[in-house]
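Input: a single structure, listed below in structure tokens.
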Amino acid sequence: MGFNWNWAFTWEILPKLLHATLNTLMAAGFGYAIALVLGMVFALAQRTPYWALTKVVREVVEFIRSTPLILQIFFVYYVGPQFGLKLGPWTAGMIAIGLHYSAYLSEVYRGGLESVAKGQWEACTALNLSTRDTYLRIVIPQAIPPALAGMGNYLVGIFKDTPMLSVIGVAELMHTANAIGSSSYRYLEPYTLVGIIFLAISLPTAALIRVFEGYVRRKLGLK
Amino acid sequence: MSYTDFLRQYGDRFWDGTLITAQQFLLASLLAIAIALLAGLMKLSRNRLIRGIAVVYIEIFRGTSLLVQLYWIFFVLPLFGLTLAKFTAGFVAVGMNLGAYGAELVRGGIQSVPKGQWEAAYALSMSPARRMWRIILPQAFVNMLPPWGNLLIELLKNTALVALISVSDLMFEAKQINGTTFLSAQTFGTALIIYYVLARFIVTPFMRWLERVMRRKLGRA
Amino acid sequence: MMEDLSQYPLELKGPDIPMVRFSRVTKRYGDLTVLDDLDLDVTTGEMVTIIGPSGSGKTTVLRMLMTLETINEGVIYVDGQPLTHMVKGDKLVPADRKYLRKMRSQIGMCFQHFNLFPHMTALENCMEGPVQVLGMKKKEARERSEELLELVGMADKRDQHPSRLSGGQQQRVAIARALAMRPKVMLFDEVTSALDPEVIGEVTNVIRSLVDEHNLTMLMVTHQMGFAKDISDRVCFFYGGSIEEQGTPEELFGNPQKERTQQFLSAVKEAG
């Protein structure tokens with residue numbers, strides 16, 4: 001074979017790959033949405049006065065963070081049918097990747113919440129704000145800017161982890177590239193293009209996140 | 001089949017897989033540390049070309065997926081005449097990927113050493129290499145150990161991807177056992193627990209121990 | 001061991017009930033007793049200053065009154081009603097969160113480190129409580145906040161975020177913010193301790209004007225002895241978790257009776 005880039009082949013497969021990119025973005029978007037919400041649940045659950053709940057959630061988060069995502073994807077996808085519950089690849093994939101990243105995001109939120117000075121809580125008590133208002137109006141707005149960098153990193157992270165969903169048949173970018181490779185016996189173009197597409201999305205996104213972070217800080221009058 | 005029977009029958013294979021995972025982890029870690037040190041120092045170089053090479057390396061490996069890199073190294077590199085055995089391709093891909101992340105830690109760690117330390121070494125007329133090796137790096141090393149602990153956990157988890165190019169690690173064995181028994185909860189559950197034990201009770205305590213030792217050495221205990 | 005609460009009245013009655021009463025209040029952190037069986041009354045409109053060495057429990061007095069700290073024994077009353085406890089049947093029981101929230105609306109507090117909300121302007125800081133807690137209309141809350149910012153001399157900075165204000169300016173906004181809640185009792189916890197010497201005056205002047213022009217009950221912890229002497233109706237010297245000596249500023253500063261008070265005052269004088 002040897003190294004010869006085939007442009008005709010490139011143009012032939014590019015539309016397919018770009019189409020699959022939409023699925024990749026969709027998977028990342030859904031997964032991230034789940035992680036954003038569930039991560040907040042995990043973070044707040046660790047701030048309740050119930051000792052046992054805090055402890056259990058803490059251990060669950062640790063467990064999810066210390067085991068491979070790929071294994072979690074297999075687990076969610078295959079364990080359901082064993083007990084008569086069949087999940088489609090998309091559903092299983094979104095659950096697995098959303099759950100995995102919610103553990104990471106809960107840590108980001110936790111760090112953000114802990115970065116809010118104790119005096120802010122005391123001022124809220126002195127002004128008699130309700131717990132809800134204290135969180136929504138005072139604490140969370142201040143917890144977000146320090147959390148933004150981490151949140152952004154994990155947005156890019158979840159995007160880069162979507163190729164793992166190919167192992168259970170989610171038709172995203174990697175899955176499509178694999179299919180092209182095994183039917184044409186050409187791997188150079190599809191895998192290289194996939195790499196370029198990932199770079200073309202993740203690098204500008206990372207830069208945009210930094211800009212956005214600065215914007216939010218200014219908007220909130222911090223710094 | 002009870003879970004004990006299951007373990008009796010497949011325990012050996014889980015053990016073999018775990019050994020391969022441990023080997024992949026160790027080799028990939030060594031490679032990642034070497035690359036991180038090199039790329040991290042290169043990124044701090046005054047020479048624009050050297051710095052540029054490091055930036056391109058770091059951005060490519062951090063900007064794309066490990067799985068893409070793994071497939072590229074395993075399936076595409078042979079087209080350039082460089083064929084790696086799957087075992088080698090596995091830890092090389094993981095090591096090169098995590099090395100790019102580690103490079104940023106090395107850079108940050110070096111920059112966290114107070115300016116006065118550089119100036120003091122300069123005042124003793126140390127050579128730049130000696131200054132870096134004897135004065136700056138030891139201090140930077142202590143500062144960056146905690147994030148390296150997290151990075152090595154990531155690395156351990158990422159070794160599971162080598163199963164996709166058929167390296168017979170823990171993940172691979174689990175997939176195989178699942179394929180013949182269909183006992184998915186037992187199979188993947190066992191593998192999850194083994195990874196958890198490796199991360200939580202071996203890698204993390206080791207890194208904590210190393211932090212303590214290094215702190216004591218630098219008199220910061 | 002359950003404390004016997006029957007010795008405390010369910011509410012204070014009579015023509016001259018104090019605005020604040022600490023009745024046999026004890027506060028412990030583990031083995032350390034911070035406040036020991038404290039009795040203290042503050043009458044309506046009175047300005048009481050608490051002085052004493054660090055660790056004497058003086059800040060804890062204010063924090064308990066603001067319900068930032070719980071108490072171990074005793075009862076605190078505000079305007080005749082129990083604060084730390086509530087009446088259930090015909091007995092006192094420890095207050096629940098809802099009751100605490102209701103009661104602490106009568107109390108306002110200013111902190112050593114201001115604790116302004118950094119993501120809100122000076123005006124928004126002042127409006128936050130009235131709008132969110134008192135349910136006031138925005139327009140009305142704005143007018144009141146503007147008046148109060150005027151009072152503390154910060155009207156021209158109302159649209160600035162705290163990060164753009166000096167310490168003295170931030171503290172003045174914090175005073176306006178606390179006043180916006182119309183508290184019956186105001187607490188000042190070392191409000192000048194974190195300030196540069198040259199701006200202390202702008203904050204003490206604001207507090208002075210409150211004493212002169214408003215019938216507010218105030219409790220203040222401070223290290224500014226001169227200021228305490230000027231504006232207090234009564235000064236309490238705290239030592240080891242209880243009141244060692246108290247009296248009018250003239251009595252306490254001019255003719256202290258206890259040895260510890262004399263030692264403390266001369267040490268403070270020497271320090272400058």
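Chain labels run A, B, ... following the order of the structure tokens; each chain numbers its residues from 1, and ligands are numbered from 1 in the order shown.
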
Just the residues within 9 Å of segment 148-161 of chain A, please, counting only C-alpha atoms, with nothing from its chain fewer than 2 positions along; format it as a PDB file with C-alpha atoms, in the first residue's frame.
ATOM      1  CA  THR A  24     -20.969  13.333  17.516  1.00  0.00           C
ATOM      2  CA  LEU A  25     -21.925  16.882  18.451  1.00  0.00           C
ATOM      3  CA  ALA A  27     -24.035  12.984  21.589  1.00  0.00           C
ATOM      4  CA  ALA A  28     -21.661  15.419  23.271  1.00  0.00           C
ATOM      5  CA  GLY A  29     -24.450  17.970  23.724  1.00  0.00           C
ATOM      6  CA  GLY A  31     -24.331  13.899  27.395  1.00  0.00           C
ATOM      7  CA  TYR A  32     -23.139  17.267  28.642  1.00  0.00           C
ATOM      8  CA  LEU A  36     -24.573  19.503  33.985  1.00  0.00           C
ATOM      9  CA  LEU A  69     -15.649   5.207  30.745  1.00  0.00           C
ATOM     10  CA  ILE A  97     -21.256   9.297  29.323  1.00  0.00           C
ATOM     11  CA  GLY A  98     -23.656  11.652  31.142  1.00  0.00           C
ATOM     12  CA  TYR A 101     -19.071  13.391  33.409  1.00  0.00           C
ATOM     13  CA  TYR A 104     -16.439  15.212  37.227  1.00  0.00           C
ATOM     14  CA  LEU A 105     -18.754  18.209  37.045  1.00  0.00           C
ATOM     15  CA  VAL A 108     -16.059  21.298  39.636  1.00  0.00           C
ATOM     16  CA  TYR A 109     -19.253  22.639  41.205  1.00  0.00           C
ATOM     17  CA  GLY A 112     -16.783  26.533  42.943  1.00  0.00           C
ATOM     18  CA  ALA A 143     -19.409  29.939  42.278  1.00  0.00           C
ATOM     19  CA  ILE A 144     -19.804  29.885  38.505  1.00  0.00           C
ATOM     20  CA  PRO A 145     -16.843  32.009  37.350  1.00  0.00           C
ATOM     21  CA  PRO A 146     -14.227  29.894  39.147  1.00  0.00           C
ATOM     22  CA  PRO A 163     -15.678   8.067  19.911  1.00  0.00           C
ATOM     23  CA  MET A 164     -15.944   5.456  22.655  1.00  0.00           C
ATOM     24  CA  LEU A 165     -19.654   5.271  21.928  1.00  0.00           C
ATOM     25  CA  PHE A 198     -11.715  16.856  16.157  1.00  0.00           C
ATOM     26  CA  ILE A 201     -13.774  21.739  16.686  1.00  0.00           C
ATOM     27  CA  SER A 202     -11.990  21.339  20.001  1.00  0.00           C
ATOM     28  CA  LEU A 203      -9.297  24.009  19.569  1.00  0.00           C
ATOM     29  CA  THR A 205     -14.096  25.704  21.395  1.00  0.00           C
ATOM     30  CA  ALA A 206     -11.387  25.791  24.042  1.00  0.00           C
ATOM     31  CA  ILE A 209     -14.527  29.113  26.459  1.00  0.00           C
ATOM     32  CA  ARG A 210     -11.651  31.274  27.675  1.00  0.00           C
ATOM     33  CA  PHE A 212     -16.569  33.483  27.541  1.00  0.00           C
ATOM     34  CA  GLU A 213     -15.026  33.082  30.996  1.00  0.00           C
TER      35      GLU A 213
ATOM     36  CA  GLY B  63      -7.236  18.366  20.796  1.00  0.00           C
ATOM     37  CA  THR B  64      -8.130  14.929  19.449  1.00  0.00           C
ATOM     38  CA  SER B  65      -9.386  11.748  21.034  1.00  0.00           C
ATOM     39  CA  LEU B  66      -7.128   9.080  22.428  1.00  0.00           C
ATOM     40  CA  LEU B  67      -9.117   6.513  20.472  1.00  0.00           C
TER      41      LEU B  67
END

Taking only C-alpha atoms into account, find every residue of chain A that has an atom no more than 6 Å from chain B, and write it out as a PDB file with N, CA and C atoms, in the first residue's frame.
ATOM      1  N   GLY A   2       1.514   1.495   1.172  1.00  0.00           N
ATOM      2  CA  GLY A   2       2.389   2.661   1.260  1.00  0.00           C
ATOM      3  C   GLY A   2       1.598   3.928   1.441  1.00  0.00           C
ATOM      4  N   PHE A   3       2.348   5.007   1.585  1.00  0.00           N
ATOM      5  CA  PHE A   3       1.716   6.275   1.891  1.00  0.00           C
ATOM      6  C   PHE A   3       1.347   7.009   0.617  1.00  0.00           C
ATOM      7  N   SER A  66     -12.999   6.817  39.125  1.00  0.00           N
ATOM      8  CA  SER A  66     -11.793   5.974  39.083  1.00  0.00           C
ATOM      9  C   SER A  66     -11.914   4.767  38.166  1.00  0.00           C
ATOM     10  N   THR A  67     -13.017   4.654  37.427  1.00  0.00           N
ATOM     11  CA  THR A  67     -13.133   3.496  36.534  1.00  0.00           C
ATOM     12  C   THR A  67     -13.316   3.975  35.095  1.00  0.00           C
ATOM     13  N   PRO A  68     -12.875   3.146  34.131  1.00  0.00           N
ATOM     14  CA  PRO A  68     -12.857   3.602  32.730  1.00  0.00           C
ATOM     15  C   PRO A  68     -14.253   3.827  32.154  1.00  0.00           C
ATOM     16  N   PHE A  75     -20.957  -1.682  30.433  1.00  0.00           N
ATOM     17  CA  PHE A  75     -21.772  -2.105  31.578  1.00  0.00           C
ATOM     18  C   PHE A  75     -23.225  -1.675  31.384  1.00  0.00           C
ATOM     19  N   TYR A  78     -24.886  -3.572  28.297  1.00  0.00           N
ATOM     20  CA  TYR A  78     -25.115  -5.016  28.347  1.00  0.00           C
ATOM     21  C   TYR A  78     -25.844  -5.506  29.589  1.00  0.00           C
ATOM     22  N   VAL A  79     -25.754  -4.760  30.676  1.00  0.00           N
ATOM     23  CA  VAL A  79     -26.357  -5.271  31.907  1.00  0.00           C
ATOM     24  C   VAL A  79     -27.877  -5.195  31.859  1.00  0.00           C
ATOM     25  N   LYS A 160     -14.476  14.804  23.111  1.00  0.00           N
ATOM     26  CA  LYS A 160     -13.398  13.918  22.679  1.00  0.00           C
ATOM     27  C   LYS A 160     -13.609  12.471  23.114  1.00  0.00           C
ATOM     28  N   LEU A 188      -5.888   5.436   6.144  1.00  0.00           N
ATOM     29  CA  LEU A 188      -5.177   6.707   6.229  1.00  0.00           C
ATOM     30  C   LEU A 188      -6.135   7.894   6.200  1.00  0.00           C
ATOM     31  N   GLY A 195      -9.261  12.900  12.898  1.00  0.00           N
ATOM     32  CA  GLY A 195      -8.381  13.679  13.764  1.00  0.00           C
ATOM     33  C   GLY A 195      -8.480  15.159  13.468  1.00  0.00           C
ATOM     34  N   PHE A 198     -11.749  16.644  14.705  1.00  0.00           N
ATOM     35  CA  PHE A 198     -11.715  16.856  16.157  1.00  0.00           C
ATOM     36  C   PHE A 198     -10.923  18.102  16.517  1.00  0.00           C
ATOM     37  N   LEU A 199      -9.749  18.250  15.895  1.00  0.00           N
ATOM     38  CA  LEU A 199      -8.929  19.437  16.162  1.00  0.00           C
ATOM     39  C   LEU A 199      -9.690  20.697  15.790  1.00  0.00           C
ATOM     40  N   SER A 202     -12.358  21.186  18.588  1.00  0.00           N
ATOM     41  CA  SER A 202     -11.990  21.339  20.001  1.00  0.00           C
ATOM     42  C   SER A 202     -11.091  22.547  20.249  1.00  0.00           C
TER      43      SER A 202
END

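The interatomic distance for the pair atom CA of Val191 of chain C and atom CA of Ser56 of chain C works out to 17.7 Å.
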
> Any idea which chain C residues end up within 10 Å of chain A if we count only C-alpha atoms, as JSON, numbers by chain please?
Replying inline: {"C": [63, 66, 67, 68, 98, 100, 101, 102, 103, 104, 105, 106, 107, 108, 109, 110, 111, 112, 113, 114, 115, 116, 117, 118, 119, 120, 121, 126, 128, 129, 130, 132, 133, 134, 160, 161, 162, 163, 164, 174, 177, 178, 179, 180, 181, 183, 187]}

How would the residues just picked look written out with N, CA and C atoms as a compact mmCIF listing (two decimals), in the first residue's frame?
# COMPACT_ATOMS: atom_id res chain seq x y z
N ARG C 63 -22.51 37.32 67.15
CA ARG C 63 -22.83 36.24 66.20
C ARG C 63 -24.01 35.39 66.70
N MET C 66 -27.13 37.31 65.97
CA MET C 66 -27.47 37.26 64.55
C MET C 66 -27.90 35.86 64.13
N THR C 67 -27.91 34.92 65.06
CA THR C 67 -28.20 33.49 64.83
C THR C 67 -27.19 32.83 63.91
N LEU C 68 -25.97 33.39 63.86
CA LEU C 68 -24.91 32.73 63.10
C LEU C 68 -24.30 31.59 63.92
N LYS C 98 -37.51 28.05 60.67
CA LYS C 98 -38.52 29.00 60.24
C LYS C 98 -38.68 30.12 61.28
N LEU C 100 -36.46 31.00 63.54
CA LEU C 100 -35.23 31.81 63.56
C LEU C 100 -35.27 32.85 62.46
N ARG C 101 -35.72 32.43 61.30
CA ARG C 101 -35.78 33.37 60.17
C ARG C 101 -36.69 34.54 60.48
N LYS C 102 -37.84 34.22 61.09
CA LYS C 102 -38.79 35.28 61.40
C LYS C 102 -38.16 36.26 62.39
N MET C 103 -37.53 35.69 63.43
CA MET C 103 -37.02 36.54 64.50
C MET C 103 -35.81 37.36 64.08
N ARG C 104 -34.94 36.78 63.27
CA ARG C 104 -33.71 37.51 62.98
C ARG C 104 -33.93 38.66 62.01
N SER C 105 -35.15 38.76 61.46
CA SER C 105 -35.42 39.91 60.58
C SER C 105 -35.37 41.22 61.37
N GLN C 106 -35.40 41.13 62.71
CA GLN C 106 -35.34 42.35 63.52
C GLN C 106 -33.92 42.83 63.74
N ILE C 107 -32.95 42.02 63.25
CA ILE C 107 -31.55 42.31 63.56
C ILE C 107 -30.75 42.51 62.29
N GLY C 108 -29.89 43.50 62.29
CA GLY C 108 -29.01 43.74 61.15
C GLY C 108 -27.57 43.68 61.62
N MET C 109 -26.65 43.36 60.71
CA MET C 109 -25.26 43.22 61.15
C MET C 109 -24.30 43.72 60.08
N CYS C 110 -23.21 44.37 60.56
CA CYS C 110 -22.11 44.74 59.68
C CYS C 110 -20.86 43.99 60.13
N PHE C 111 -20.09 43.53 59.16
CA PHE C 111 -19.00 42.61 59.44
C PHE C 111 -17.64 43.29 59.30
N GLN C 112 -16.66 42.66 59.91
CA GLN C 112 -15.29 43.16 59.80
C GLN C 112 -14.84 43.25 58.34
N HIS C 113 -15.16 42.20 57.56
CA HIS C 113 -14.73 42.19 56.16
C HIS C 113 -15.86 42.55 55.20
N PHE C 114 -16.77 43.36 55.64
CA PHE C 114 -17.87 43.95 54.84
C PHE C 114 -18.84 42.92 54.28
N ASN C 115 -18.27 41.86 53.59
CA ASN C 115 -19.10 40.82 52.99
C ASN C 115 -20.15 41.37 52.03
N LEU C 116 -19.79 42.39 51.28
CA LEU C 116 -20.69 42.83 50.22
C LEU C 116 -20.73 41.76 49.15
N PHE C 117 -21.84 41.70 48.40
CA PHE C 117 -21.94 40.73 47.32
C PHE C 117 -21.17 41.28 46.12
N PRO C 118 -20.09 40.60 45.71
CA PRO C 118 -19.19 41.19 44.72
C PRO C 118 -19.81 41.32 43.34
N HIS C 119 -20.85 40.52 43.04
CA HIS C 119 -21.42 40.57 41.70
C HIS C 119 -22.57 41.56 41.59
N MET C 120 -22.78 42.35 42.65
CA MET C 120 -23.85 43.34 42.60
C MET C 120 -23.27 44.73 42.87
N THR C 121 -23.89 45.75 42.28
CA THR C 121 -23.45 47.12 42.53
C THR C 121 -23.84 47.51 43.96
N CYS C 126 -27.87 46.97 48.35
CA CYS C 126 -28.84 47.52 49.30
C CYS C 126 -30.26 47.07 49.00
N GLU C 128 -31.16 44.21 47.60
CA GLU C 128 -31.34 42.75 47.62
C GLU C 128 -32.29 42.29 48.74
N GLY C 129 -32.01 42.72 49.95
CA GLY C 129 -32.83 42.28 51.07
C GLY C 129 -34.27 42.77 50.98
N PRO C 130 -34.46 44.09 50.83
CA PRO C 130 -35.84 44.60 50.74
C PRO C 130 -36.67 43.91 49.66
N GLN C 132 -36.02 40.86 47.97
CA GLN C 132 -36.14 39.40 48.06
C GLN C 132 -36.77 38.94 49.37
N VAL C 133 -36.48 39.65 50.45
CA VAL C 133 -36.94 39.17 51.76
C VAL C 133 -38.22 39.88 52.20
N LEU C 134 -38.22 41.21 52.07
CA LEU C 134 -39.39 41.96 52.52
C LEU C 134 -40.47 42.03 51.45
N GLN C 160 -21.35 51.34 41.30
CA GLN C 160 -20.05 50.66 41.27
C GLN C 160 -20.15 49.29 41.94
N HIS C 161 -19.34 48.35 41.42
CA HIS C 161 -19.22 47.06 42.10
C HIS C 161 -18.24 47.19 43.25
N PRO C 162 -18.38 46.34 44.27
CA PRO C 162 -17.50 46.45 45.44
C PRO C 162 -16.01 46.45 45.10
N SER C 163 -15.62 45.71 44.06
CA SER C 163 -14.19 45.64 43.74
C SER C 163 -13.63 47.01 43.36
N ARG C 164 -14.52 47.96 43.00
CA ARG C 164 -14.06 49.28 42.61
C ARG C 164 -14.08 50.27 43.78
N ALA C 174 -22.07 48.66 53.23
CA ALA C 174 -22.56 47.54 54.05
C ALA C 174 -23.49 48.04 55.15
N ARG C 177 -26.73 48.80 53.52
CA ARG C 177 -27.41 47.55 53.19
C ARG C 177 -28.13 46.98 54.41
N ALA C 178 -27.45 47.03 55.56
CA ALA C 178 -28.07 46.49 56.77
C ALA C 178 -29.26 47.35 57.20
N LEU C 179 -29.11 48.68 57.08
CA LEU C 179 -30.19 49.58 57.49
C LEU C 179 -31.42 49.43 56.61
N ALA C 180 -31.19 49.05 55.34
CA ALA C 180 -32.31 48.93 54.40
C ALA C 180 -33.34 47.90 54.86
N MET C 181 -32.94 47.01 55.73
CA MET C 181 -33.86 46.00 56.24
C MET C 181 -34.67 46.50 57.43
N PRO C 183 -33.86 47.18 60.63
CA PRO C 183 -33.73 46.35 61.83
C PRO C 183 -34.02 47.16 63.08
N LEU C 187 -25.92 45.44 64.71
CA LEU C 187 -24.70 44.89 65.28
C LEU C 187 -23.51 45.32 64.43

>> With DSSP run on the backbone, what are the strand (DSSP E) residues within segment 145-216 of chain C? I'd like them as number ranges by chain.
In response: C: 185-189

Writer output for current selection, N, CA and C atoms, as a JSON list (two decimals), in the first residue's frame:
[["chain", "number", "residue", "atom", "x", "y", "z"],
["C", 185, "VAL", "N", -32.43, 46.22, 65.88],
["C", 185, "VAL", "CA", -31.12, 46.14, 66.54],
["C", 185, "VAL", "C", -30.04, 46.08, 65.46],
["C", 186, "MET", "N", -29.00, 46.90, 65.60],
["C", 186, "MET", "CA", -27.89, 46.84, 64.65],
["C", 186, "MET", "C", -26.65, 46.34, 65.37],
["C", 187, "LEU", "N", -25.92, 45.44, 64.71],
["C", 187, "LEU", "CA", -24.70, 44.89, 65.28],
["C", 187, "LEU", "C", -23.51, 45.32, 64.43],
["C", 188, "PHE", "N", -22.47, 45.82, 65.07],
["C", 188, "PHE", "CA", -21.25, 46.20, 64.34],
["C", 188, "PHE", "C", -20.10, 45.36, 64.88],
["C", 189, "ASP", "N", -19.61, 44.45, 64.05],
["C", 189, "ASP", "CA", -18.56, 43.54, 64.50],
["C", 189, "ASP", "C", -17.19, 43.99, 63.98]]

> Got a sec: who's within 10 Å of segment 25-36 of chain B, counting only C-alpha atoms, leaving out chain neighbours fewer than 3 positions off, as a PyMOL selection string?
Replying inline: chain B and resi 19-22+39-42+54+58+88+90-107+148+151-153+155-160

Report as JSON lines the residues of segment 36-88 of chain C within 6 Å of segment 215-224 of chain C, each with its shortest atom pair and distance in Å (one decimal), using only C-alpha atoms, ordered by chain and increasing residue number.
{"residue": "C:Thr44", "atom": "CA", "partner": "C:Thr217", "partner_atom": "CA", "distance": 5.4}
{"residue": "C:Gly45", "atom": "CA", "partner": "C:Thr217", "partner_atom": "CA", "distance": 4.2}
{"residue": "C:Glu46", "atom": "CA", "partner": "C:Thr217", "partner_atom": "CA", "distance": 5.0}
{"residue": "C:Met47", "atom": "CA", "partner": "C:Met218", "partner_atom": "CA", "distance": 4.7}
{"residue": "C:Val48", "atom": "CA", "partner": "C:Leu219", "partner_atom": "CA", "distance": 4.9}
{"residue": "C:Thr49", "atom": "CA", "partner": "C:Met220", "partner_atom": "CA", "distance": 4.7}
{"residue": "C:Ile50", "atom": "CA", "partner": "C:Val221", "partner_atom": "CA", "distance": 4.8}

> Contacts of Met127 of chain C at 7 Å or less, counting only C-alpha atoms, minus same-chain residues fewer than 2 places along, as a list in words?
Replying inline: Leu123, Glu124, Asn125, Gly129, Pro130, Val131, Ala141, Arg142 and Ser145 of chain C

Kindly export the residues of the current selection with N, CA and C atoms, as a CSV table (one decimal), in the first residue's frame.
chain,number,residue,atom,x,y,z
C,123,LEU,N,-25.8,49.8,44.9
C,123,LEU,CA,-27.3,49.9,45.0
C,123,LEU,C,-28.0,48.6,45.0
C,124,GLU,N,-27.5,47.6,44.2
C,124,GLU,CA,-28.1,46.3,44.2
C,124,GLU,C,-27.9,45.6,45.5
C,125,ASN,N,-26.8,45.8,46.1
C,125,ASN,CA,-26.5,45.2,47.4
C,125,ASN,C,-27.6,45.7,48.4
C,129,GLY,N,-32.0,42.7,50.0
C,129,GLY,CA,-32.8,42.3,51.1
C,129,GLY,C,-34.3,42.8,51.0
C,130,PRO,N,-34.5,44.1,50.8
C,130,PRO,CA,-35.8,44.6,50.7
C,130,PRO,C,-36.7,43.9,49.7
C,131,VAL,N,-36.1,43.7,48.5
C,131,VAL,CA,-36.9,43.1,47.4
C,131,VAL,C,-37.1,41.6,47.6
C,141,ALA,N,-37.9,50.0,46.8
C,141,ALA,CA,-36.6,49.6,47.4
C,141,ALA,C,-35.5,50.4,46.9
C,142,ARG,N,-35.6,50.8,45.6
C,142,ARG,CA,-34.5,51.7,45.0
C,142,ARG,C,-34.5,53.0,45.7
C,145,SER,N,-33.1,52.6,49.1
C,145,SER,CA,-31.7,52.4,49.1
C,145,SER,C,-30.9,53.6,48.7

> Mind checking DSSP for segment 62-151 of chain C and telling me the alpha helix (DSSP H) residues as JSON, numbers by chain?
Replying inline: {"C": [62, 63, 64, 65, 97, 98, 99, 100, 101, 102, 103, 104, 122, 123, 124, 125, 126, 127, 128, 129, 130, 131, 132, 138, 139, 140, 141, 142, 143, 144, 145, 146, 147, 148, 149, 150, 151]}

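You will find atom CA of Glu259 of chain C at 19.9 Å from atom CA of Asp36 of chain C.
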
> For Asn23 of chain A, which residue out of A:Trp90, A:Tyr135, A:Trp51, A:Tyr185 is the nearest one, using only C-alpha atoms?
Replying inline: A:Trp90

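Here atom CA of Ser23 of chain C is placed at a distance of 29.0 Å from atom CA of Asp212 of chain C.
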
> Which neighbours of Glu107 of chain A fall inside 12 Å, counting only C-alpha atoms, when residues of the same chain fewer than 6 positions from it are skipped, and could you give them as JSON, numbers by chain?
Replying inline: {"A": [35, 36, 38, 39, 40, 41, 42, 43, 44, 45, 46, 57, 58, 61, 62, 64, 65, 100, 101, 113, 114, 147, 150, 151, 154]}

>> Neighbouring residues of Pro190 of chain A were defined as those with any atom within 10 Å, considering only C-alpha atoms; residues of the same chain fewer than 5 positions away were excluded. Please report them as number ranges by chain.
In response: A: 9-10, 13-14, 17, 173-174, 176-181, 195-196; B: 72, 76

Generate a file of the selected residues that holds N, CA, C and O atoms, formatted as a short mmCIF file (atom, residue, chain, number, x, y, z; two decimals), in the first residue's frame.
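Saved as part36.cif:
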data_model
loop_
_atom_site.label_atom_id
_atom_site.label_comp_id
_atom_site.auth_asym_id
_atom_site.auth_seq_id
_atom_site.Cartn_x
_atom_site.Cartn_y
_atom_site.Cartn_z
N PHE A 9 -10.79 9.88 -3.05
CA PHE A 9 -11.40 9.13 -1.96
C PHE A 9 -11.78 10.07 -0.81
O PHE A 9 -12.84 9.96 -0.21
N THR A 10 -10.89 11.04 -0.55
CA THR A 10 -11.15 12.02 0.51
C THR A 10 -12.47 12.74 0.27
O THR A 10 -13.32 12.82 1.15
N ILE A 13 -15.52 10.50 0.91
CA ILE A 13 -15.94 10.14 2.27
C ILE A 13 -16.21 11.35 3.16
O ILE A 13 -16.86 11.23 4.19
N LEU A 14 -15.71 12.52 2.74
CA LEU A 14 -15.85 13.68 3.62
C LEU A 14 -17.31 13.99 4.00
O LEU A 14 -17.60 14.21 5.17
N LEU A 17 -18.46 11.73 6.70
CA LEU A 17 -17.84 12.03 7.99
C LEU A 17 -18.45 13.29 8.60
O LEU A 17 -18.69 13.35 9.81
N LEU A 173 -18.77 9.80 14.64
CA LEU A 173 -17.65 9.97 13.73
C LEU A 173 -16.75 8.73 13.65
O LEU A 173 -16.42 8.24 12.57
N MET A 174 -16.34 8.22 14.79
CA MET A 174 -15.40 7.10 14.82
C MET A 174 -16.03 5.85 14.21
O MET A 174 -15.38 5.12 13.46
N THR A 176 -18.32 5.73 11.96
CA THR A 176 -18.38 5.91 10.51
C THR A 176 -17.01 5.69 9.88
O THR A 176 -16.89 5.02 8.85
N ALA A 177 -15.97 6.23 10.54
CA ALA A 177 -14.62 6.05 10.01
C ALA A 177 -14.24 4.57 10.02
O ALA A 177 -13.63 4.07 9.06
N ASN A 178 -14.58 3.87 11.07
CA ASN A 178 -14.31 2.43 11.13
C ASN A 178 -15.00 1.70 9.98
O ASN A 178 -14.41 0.84 9.33
N ALA A 179 -16.27 2.08 9.74
CA ALA A 179 -17.03 1.41 8.69
C ALA A 179 -16.37 1.66 7.33
O ALA A 179 -16.22 0.74 6.51
N ILE A 180 -15.96 2.92 7.11
CA ILE A 180 -15.31 3.24 5.84
C ILE A 180 -14.02 2.43 5.71
O ILE A 180 -13.74 1.83 4.67
N GLY A 181 -13.25 2.39 6.80
CA GLY A 181 -11.97 1.67 6.77
C GLY A 181 -12.16 0.20 6.46
O GLY A 181 -11.45 -0.36 5.61
N GLY A 195 -9.26 12.90 12.90
CA GLY A 195 -8.38 13.68 13.76
C GLY A 195 -8.48 15.16 13.47
O GLY A 195 -8.59 15.99 14.38
N ILE A 196 -8.49 15.52 12.17
CA ILE A 196 -8.55 16.93 11.79
C ILE A 196 -9.87 17.55 12.22
O ILE A 196 -9.92 18.67 12.73
N TRP B 72 -4.95 5.55 14.81
CA TRP B 72 -4.02 6.12 13.83
C TRP B 72 -2.66 5.44 13.97
O TRP B 72 -2.05 5.01 12.99
N VAL B 76 -2.64 3.34 10.80
CA VAL B 76 -2.13 4.23 9.75
C VAL B 76 -0.60 4.26 9.73
O VAL B 76 0.00 4.27 8.66
#

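The shell of residues at most 10 Å from Pro138 of chain B, with only C-alpha atoms counted and near chain neighbours (fewer than 2 positions) removed, consists of Gly109, Ile110, Val113, Met132, Trp133, Arg134, Ile135, Ile136, Ala140, Phe141, Val142, Asn143, Met214, Lys217 and Leu218 of chain B.
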